[in-house]
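Visitor: Take this structure first; my questions come after.
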Amino acid sequence: MFSSLKMIVLRDLMLAMRRKTEVLTTLFFFIIVISLFPLGIGSDKQILIKIAPGVVWVAALLASMLALERLFAADYDDGTLEQMLLIPQPVFVLVLGKVLAHWFLTGLPLVLVTPLVGLQYQLPDVAIYSMMQSLLLGTPILSLIGAIGAALTLGVRGGGILLSLLILPLYIPVLIYGSGAIEASMMAGAPVQSYLMLMAAFAIIAIIFAPWATAAALKIAVE
Amino acid sequence: MNNQHLQVKQLACIRGDRHLFSELDIRLDSGQLLYLQGRNGSGKTTLLRTLCGLFHPDEGEVLWCGKKVTELGELFYKDILFVGHAAGIKLELTPLENLRIYMRLHELDVAEDALWQALQDIGLKGFEDLPARMLSAGQKRRIALARLLIDKAALWILDEPFTALDVVAVDLLQSIIAQHVSRGGMVILTTHQEVQLPDHQVQRLRLGD
C-alpha cells in the first residue's frame, strides 16, 4: 500500500517537474496577491499588522484553488485516471497520493515563503512563526477538502467556477482559525495553542473523511 | 492461470433512457476469446467498462471464479488488464516512464531489462526516452499495448485495440493475443479485426440486435 502511495506521489511530482509553470503559478500568485495590499494601502505599520493574518490566509485559499481544477482533470482526460482506478489498491490510496502531491506542490511552498510576507507587513517574529505553523496545519486541509470538489466537478463544463462556489464556503473554518492563530500570537496572553489545536483537529477529520468522499465522487465521475 | 472463469449473469445496463442491453449471459473460460460486435453506440464500451467495475450495471452481476467482482474489489484488479479508448498514458513522460509507473502501481515484478525488451518488441526501439507527446498516434497506442507484454493478468479487456495501428503492428498484436489465449489466458475485445484461433476458443456476442 505504501509503495503504491509513494509511486503516485512521485508520479505527480515528476509530471509537475515537466510543466514547471503550473507549479510556479500558484506560488507567484500567492506572493503577488499579498504584495498588492501594502502597495495599495501604504506602509502604515499598524494597519498592515492588522490586516496581515486575513490577507495571508485569503491569498492562501485562492492560491490553493488555482491548481485544484487540474488535480484529477488531466488524468481524467487522457485515461490514466481509469487506469489508476484499476490498480489493486483501494481508491483512497490513489486519492491520498494525489492530495499529498498537490500539497507538496501548492501548500508547502506557501509555508516556506511566509517569512518573506512577514517582512512586507513588518510582522514581529512570533507572528511569522505562528503564521508558518497555521499554514502548515491548514494547507493540507485545503488540499483534502479541495479534492472532494475537484472530483465532484470532474467532466463538468465550466467546472472551475462551480468548484470555487462549492469549496470556498467549506474553507471558511480554516480561514477563521488560521488567521485567528496569527492574530492571537501578536496579543499578549492570547491562546495561540488552542487555535492550532483546533486546526489540527480539523486536519485529522479531513484526512479521515475527505479521501473517502473523494473516492466515491471519482467512481461516479468515471462512469 | 487455469480454472479461472468469468461469468456474467442477467446483466442489464441503461444509459439515460436507452436500454443498451438486458438479460445478458456470458461465460468465458480460460483459453477463450470473446468478440464483442455491434453497431456504434450499441453498448460495447459500456459492457467492457461494466466488466472492469468502472460502470455499475442496473441489474445482474459479474462473477470472477464464482465470486462477485464487487466483493472481490482489488483482488479482481490483480487479474485483469484493461486497455480503453483513451491510451491511458502521460504525454509528458517517456514510454519507459509510463511503463515503469504502470508496473509499480500494478505491483508487477518486472525487471528494468524486461521493460526495455517489451518496448523493443512492441516496436518502440529508439523511442524509449522521448516524451510521448512527440510520438505519433500509433506509437502512443503501442505504449499502451506494451502493457500486454509485462502484465501477467489472466483476463485482458481490450476496447478497439487495433485503432491507429499500422499493418505490422496489427499482425504483432494479433499474435500477442493468440499467444495469450493459447497460454490459457482470456481476452474480451471489441474489434473488426480477426485473430487466427481455433473455433472452439472463440465466442462471439452481438449487441444491439
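Order determines the names: the first chain of the C-alpha cells is A, the second B, and so forth; residues in each chain are numbered 1 upward, and ligands are numbered 1 upward as they are shown.
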Which residues of chain B have any atom within 6 Å of an atom in chain A when counting only C-alpha atoms, and what is the closest pair of atoms for each, with the distance in Å to one decimal? Order the rows by chain and rising number and write it as a tab-separated table.

Guide:
```
residue	atom	partner	partner_atom	distance
B:Phe55	CA	A:Glu223	CA	5.1
B:Glu74	CA	A:Pro88	CA	4.4
B:Tyr77	CA	A:Pro88	CA	5.1
B:Lys78	CA	A:Pro88	CA	5.5
B:Ala86	CA	A:Gly79	CA	5.0
B:Gly88	CA	A:Gly79	CA	4.1
B:Ile89	CA	A:Thr80	CA	5.9
B:Leu105	CA	A:Ser4	CA	5.4
B:His106	CA	A:Ile87	CA	5.4
```

Visitor: For the structure I just gave you, how does DSSP split region 2-200 of chain B - specifically, which residues are alpha helix (DSSP H)? Reply as a ChimeraX atom specification.

Guide: /B:44-52,69-72,74-79,95-105,112-121,137-150,167-182

Visitor: Please produce a file of the residues just selected, as a PDB file, in the first residue's frame, where the atoms kept are C-alpha atoms.

Guide:
```pdb
ATOM      1  CA  LYS B  44     -19.815  -2.407 -26.387  1.00  0.00           C
ATOM      2  CA  THR B  45     -17.677   0.023 -24.447  1.00  0.00           C
ATOM      3  CA  THR B  46     -20.229   0.221 -21.636  1.00  0.00           C
ATOM      4  CA  LEU B  47     -20.197  -3.564 -21.348  1.00  0.00           C
ATOM      5  CA  LEU B  48     -16.401  -3.652 -21.181  1.00  0.00           C
ATOM      6  CA  ARG B  49     -16.350  -0.921 -18.550  1.00  0.00           C
ATOM      7  CA  THR B  50     -19.011  -2.765 -16.587  1.00  0.00           C
ATOM      8  CA  LEU B  51     -16.880  -5.906 -16.605  1.00  0.00           C
ATOM      9  CA  CYS B  52     -13.985  -3.888 -15.164  1.00  0.00           C
ATOM     10  CA  VAL B  69     -16.355  -8.778  -8.564  1.00  0.00           C
ATOM     11  CA  THR B  70     -17.914  -6.050  -6.447  1.00  0.00           C
ATOM     12  CA  GLU B  71     -16.960  -8.082  -3.391  1.00  0.00           C
ATOM     13  CA  LEU B  72     -13.548  -9.103  -4.716  1.00  0.00           C
ATOM     14  CA  GLU B  74      -8.919  -5.014  -5.549  1.00  0.00           C
ATOM     15  CA  LEU B  75      -8.287  -8.763  -5.742  1.00  0.00           C
ATOM     16  CA  PHE B  76     -10.100  -8.823  -9.066  1.00  0.00           C
ATOM     17  CA  TYR B  77      -7.947  -5.974 -10.379  1.00  0.00           C
ATOM     18  CA  LYS B  78      -4.848  -8.123  -9.937  1.00  0.00           C
ATOM     19  CA  ASP B  79      -6.267 -10.477 -12.547  1.00  0.00           C
ATOM     20  CA  PRO B  95       7.364   5.439 -22.949  1.00  0.00           C
ATOM     21  CA  LEU B  96       9.743   3.876 -20.458  1.00  0.00           C
ATOM     22  CA  GLU B  97       8.498   6.031 -17.573  1.00  0.00           C
ATOM     23  CA  ASN B  98       4.885   5.344 -18.490  1.00  0.00           C
ATOM     24  CA  LEU B  99       5.513   1.629 -18.456  1.00  0.00           C
ATOM     25  CA  ARG B 100       7.526   1.780 -15.237  1.00  0.00           C
ATOM     26  CA  ILE B 101       4.748   3.660 -13.411  1.00  0.00           C
ATOM     27  CA  TYR B 102       2.211   1.151 -14.673  1.00  0.00           C
ATOM     28  CA  MET B 103       4.385  -1.688 -13.454  1.00  0.00           C
ATOM     29  CA  ARG B 104       4.879  -0.231  -9.966  1.00  0.00           C
ATOM     30  CA  LEU B 105       1.235   0.707  -9.467  1.00  0.00           C
ATOM     31  CA  GLU B 112      14.150  -2.968 -15.837  1.00  0.00           C
ATOM     32  CA  ASP B 113      15.577  -5.001 -18.759  1.00  0.00           C
ATOM     33  CA  ALA B 114      12.179  -6.564 -19.372  1.00  0.00           C
ATOM     34  CA  LEU B 115      10.620  -3.104 -19.724  1.00  0.00           C
ATOM     35  CA  TRP B 116      13.149  -2.163 -22.403  1.00  0.00           C
ATOM     36  CA  GLN B 117      12.572  -5.528 -24.064  1.00  0.00           C
ATOM     37  CA  ALA B 118       8.781  -5.011 -24.040  1.00  0.00           C
ATOM     38  CA  LEU B 119       9.126  -1.600 -25.677  1.00  0.00           C
ATOM     39  CA  GLN B 120      11.513  -3.023 -28.246  1.00  0.00           C
ATOM     40  CA  ASP B 121       9.151  -5.919 -29.004  1.00  0.00           C
ATOM     41  CA  ALA B 137      -0.869   8.298 -32.621  1.00  0.00           C
ATOM     42  CA  GLY B 138       0.061   4.726 -33.499  1.00  0.00           C
ATOM     43  CA  GLN B 139       3.186   4.879 -31.386  1.00  0.00           C
ATOM     44  CA  LYS B 140       1.228   6.223 -28.402  1.00  0.00           C
ATOM     45  CA  ARG B 141      -1.117   3.310 -28.838  1.00  0.00           C
ATOM     46  CA  ARG B 142       1.862   0.972 -28.822  1.00  0.00           C
ATOM     47  CA  ILE B 143       2.945   2.315 -25.430  1.00  0.00           C
ATOM     48  CA  ALA B 144      -0.449   1.357 -24.042  1.00  0.00           C
ATOM     49  CA  LEU B 145      -0.193  -2.070 -25.668  1.00  0.00           C
ATOM     50  CA  ALA B 146       3.291  -2.677 -24.269  1.00  0.00           C
ATOM     51  CA  ARG B 147       1.463  -3.391 -21.012  1.00  0.00           C
ATOM     52  CA  LEU B 148       0.231  -6.642 -22.553  1.00  0.00           C
ATOM     53  CA  LEU B 149       3.829  -7.825 -22.644  1.00  0.00           C
ATOM     54  CA  ILE B 150       4.658  -7.159 -18.997  1.00  0.00           C
ATOM     55  CA  VAL B 167      -0.259  -3.370 -40.676  1.00  0.00           C
ATOM     56  CA  VAL B 168       2.888  -4.607 -38.923  1.00  0.00           C
ATOM     57  CA  ALA B 169       1.554  -3.656 -35.507  1.00  0.00           C
ATOM     58  CA  VAL B 170      -1.817  -5.261 -36.224  1.00  0.00           C
ATOM     59  CA  ASP B 171      -0.063  -8.550 -37.058  1.00  0.00           C
ATOM     60  CA  LEU B 172       2.027  -8.257 -33.943  1.00  0.00           C
ATOM     61  CA  LEU B 173      -0.955  -7.588 -31.700  1.00  0.00           C
ATOM     62  CA  GLN B 174      -2.878 -10.471 -33.233  1.00  0.00           C
ATOM     63  CA  SER B 175      -0.041 -12.832 -32.428  1.00  0.00           C
ATOM     64  CA  ILE B 176       0.276 -11.438 -28.879  1.00  0.00           C
ATOM     65  CA  ILE B 177      -3.428 -12.036 -28.295  1.00  0.00           C
ATOM     66  CA  ALA B 178      -3.340 -15.514 -29.847  1.00  0.00           C
ATOM     67  CA  GLN B 179      -0.358 -16.399 -27.677  1.00  0.00           C
ATOM     68  CA  HIS B 180      -2.116 -15.210 -24.523  1.00  0.00           C
ATOM     69  CA  VAL B 181      -5.193 -17.299 -25.312  1.00  0.00           C
ATOM     70  CA  SER B 182      -3.137 -20.395 -26.122  1.00  0.00           C
TER      71      SER B 182
END
```

Visitor: So that I can see what lies close to Ala67 (chain A), please list as a PDB file with N, CA and C atoms, in the first residue's frame the residues with an atom at most 10 Å from it, counting only C-alpha atoms and leaving out residues fewer than 6 positions away in the same chain.

Guide:
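Okay, this is what ended up in out_3.pdb:
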```pdb
ATOM      1  N   GLU A  22       3.000  25.434 -14.085  1.00  0.00           N
ATOM      2  CA  GLU A  22       1.818  25.243 -13.248  1.00  0.00           C
ATOM      3  C   GLU A  22       2.149  25.338 -11.765  1.00  0.00           C
ATOM      4  N   VAL A  23       3.312  24.822 -11.411  1.00  0.00           N
ATOM      5  CA  VAL A  23       3.719  24.870 -10.009  1.00  0.00           C
ATOM      6  C   VAL A  23       4.034  26.303  -9.599  1.00  0.00           C
ATOM      7  N   THR A  25       3.066  29.044 -10.928  1.00  0.00           N
ATOM      8  CA  THR A  25       1.916  29.950 -10.970  1.00  0.00           C
ATOM      9  C   THR A  25       1.313  30.129  -9.580  1.00  0.00           C
ATOM     10  N   THR A  26       1.077  29.012  -8.889  1.00  0.00           N
ATOM     11  CA  THR A  26       0.452  29.081  -7.568  1.00  0.00           C
ATOM     12  C   THR A  26       1.281  29.938  -6.617  1.00  0.00           C
ATOM     13  N   HIS A 102      -0.351  17.239  -4.401  1.00  0.00           N
ATOM     14  CA  HIS A 102      -0.904  18.586  -4.555  1.00  0.00           C
ATOM     15  C   HIS A 102      -0.412  19.490  -3.432  1.00  0.00           C
ATOM     16  N   LEU A 105       3.170  20.532  -3.816  1.00  0.00           N
ATOM     17  CA  LEU A 105       3.378  21.482  -4.903  1.00  0.00           C
ATOM     18  C   LEU A 105       2.736  22.837  -4.640  1.00  0.00           C
ATOM     19  N   THR A 106       1.656  22.861  -3.867  1.00  0.00           N
ATOM     20  CA  THR A 106       0.971  24.146  -3.682  1.00  0.00           C
ATOM     21  C   THR A 106       0.891  24.591  -2.227  1.00  0.00           C
ATOM     22  N   SER A 143      -6.083  21.195   0.680  1.00  0.00           N
ATOM     23  CA  SER A 143      -5.904  20.212  -0.394  1.00  0.00           C
ATOM     24  C   SER A 143      -6.909  19.073  -0.267  1.00  0.00           C
ATOM     25  N   GLY A 146     -10.449  20.366  -0.967  1.00  0.00           N
ATOM     26  CA  GLY A 146     -10.488  20.739  -2.374  1.00  0.00           C
ATOM     27  C   GLY A 146     -10.611  19.535  -3.288  1.00  0.00           C
ATOM     28  N   ALA A 150     -12.886  18.870  -6.532  1.00  0.00           N
ATOM     29  CA  ALA A 150     -12.278  18.579  -7.832  1.00  0.00           C
ATOM     30  C   ALA A 150     -12.879  17.305  -8.418  1.00  0.00           C
TER      31      ALA A 150
END
```

Visitor: CA of Phe21 (chain B) and CA of Gly38 (chain B), how far apart in Å?

Guide: 11.4 Å

Visitor: Residues at most 10 Å from Gly178 (chain A), counting only C-alpha atoms, excluding those fewer than 2 positions away in the same chain, as a PyMOL selection string?

Guide: chain A and resi 53-54+56-58+130-131+133-139+172-176+180-183+195-196+198-199

Visitor: What does the structure give for the distance between CA of Val111 (chain A) and CA of Met132 (chain A), in Å to one decimal?

Guide: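 Distance between the two atoms: 5.4 Å.
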
Visitor: Just checking: using only C-alpha atoms, which residue out of A:Ala206, A:Leu218, A:Val95, A:Val55 ends up closest to Thr114 (chain A)?

Guide: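 Looking only at the distances to Thr114 (chain A), the closest residue turns out to be A:Val55.
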
Visitor: Using Å and a single decimal, report how far CA of Val8 (chain B) sits from CA of Glu23 (chain B).

Guide: 9.5 Å
